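The structure under discussion appears below in the form of structure tokens.
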Amino acid sequence: MKRHPHAWLATAALAFTFALPASAQTPAVACAPPADMAPAQLYGLWQLVLWPQDGGSEAAPTSTGALLFERHPEYPGSVRGNLKRTTPGNDRQALVSGDVTSGEFNLDESADGVTMDAVWEGNVTASGCGQELRGIRRPAEGRATTDRTMNFVLKKAPGWR
């Protein structure tokens, strides 16, 4: 058997490659600009965190939950979904519908599917690669409610890409 003088070098390089973390082996994928996000990219499960706009913080949320977005059956460029979240005293469920256009996210929330209870306005974050939305949730105009205006962050649940 003939020995190759530099065989150990090839073996060491191969072993080093397998020892690197996966992130070091995979080239970074460039994110599309937020303005290029399509409504279909909203489909799936999103994790929700809400905190008061006046004096709260994301690290200490007043409400957490989830939104499941699907294609809107009546409006092709929009989404419809279900919201479930915690609130002081009880949990809330609501129907939601909205869209994303030029990186701006808009959503209407209704507990009964008829009367609008809240509106959501936000943006696709540049650093979130289409997997994070941030903005405010405020009570709908004319609604008598004790709800306050809150900041929100929505993050796409792992596995929903």
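Letters A, B, ... mark the chains of the structure tokens in the order given; residue numbers begin at 1 per chain; ligand numbers begin at 1, in order shown.
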
Q: List every residue of chain A that DSSP, applied to the backbone, labels as strand (DSSP E), and write the result as an MDAnalysis selection string.
A: chainID A and resid 44:52 63:71 79:87 90:101 104:110 118:124 132:139 150:156

Select from segment 52-135 of chain A every residue with an atom at most 7 Å from any atom of segment 139-155 of chain A, then for each give the shortest pair of atoms and their distance in Å to one decimal, using only C-alpha atoms, rows by chain and rising number, as a Markdown table.
```
| residue | atom | partner | partner_atom | distance |
| --- | --- | --- | --- | --- |
| A:Pro52 | CA | A:Met150 | CA | 4.3 |
| A:Gln53 | CA | A:Met150 | CA | 4.8 |
| A:Met116 | CA | A:Ala140 | CA | 6.3 |
| A:Asp117 | CA | A:Ala140 | CA | 5.3 |
| A:Ala118 | CA | A:Pro139 | CA | 4.2 |
| A:Val119 | CA | A:Ala140 | CA | 5.8 |
| A:Gln131 | CA | A:Lys155 | CA | 5.7 |
| A:Glu132 | CA | A:Lys155 | CA | 4.5 |
| A:Leu133 | CA | A:Leu154 | CA | 5.1 |
| A:Arg134 | CA | A:Val153 | CA | 4.5 |
| A:Gly135 | CA | A:Phe152 | CA | 5.5 |
```

Q: Could you check which of A:Val124, A:Trp51, A:Gly159, A:Trp46 is closest to Arg138 of chain A, using only C-alpha atoms?
A: A:Trp51

Q | Selection near Asp99 of chain A, 6 Å with only C-alpha atoms, sequence-local residues under 2 positions removed, as a PyMOL selection string | A | chain A and resi 39+78-79+105-106

Q: Would you mind writing down, as a PyMOL selection string, each residue of segment 20-103 of chain A that DSSP on the backbone assigns to alpha helix (DSSP H)?
A: chain A and resi 22-25

Taking C-alpha atoms for each residue, export the selection above as a PDB file, in the first residue's frame.
```
ATOM      1  CA  ALA A  22     -23.968  24.035  11.290  1.00  0.00           C
ATOM      2  CA  SER A  23     -24.204  27.832  11.218  1.00  0.00           C
ATOM      3  CA  ALA A  24     -20.525  28.069  10.341  1.00  0.00           C
ATOM      4  CA  GLN A  25     -20.923  25.588   7.474  1.00  0.00           C
TER       5      GLN A  25
END
```

**Q.** Separation of atom CA of Ala94 of chain A from atom CA of Phe69 of chain A, in Å and rounded to one decimal
**A.**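 Interatomic distance here is 12.2 Å.
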
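Of note, atom CA of Trp120 of chain A and atom CA of Val96 of chain A are spaced 9.7 Å apart.
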
Q. From the list A:Leu50, A:Leu45, A:Ser63, A:Thr115, which residue is nearest Pro88 of chain A when using only C-alpha atoms?
A.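 Selected residue with least distance to Pro88 of chain A: A:Ser63.
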
Q. Closest to Thr125 of chain A among A:Ser102, A:Leu107, A:Ala66, A:Arg92, using only C-alpha atoms?
A.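 Closest candidate: A:Ser102.
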
Q: Have a look at A:Val114, A:Leu48, A:Ala32, A:Ala59 and name the one nearest to Gly130 of chain A; count only C-alpha atoms.
A: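 When distances to Gly130 of chain A are compared using only C-alpha atoms, the smallest one comes from A:Ala32.
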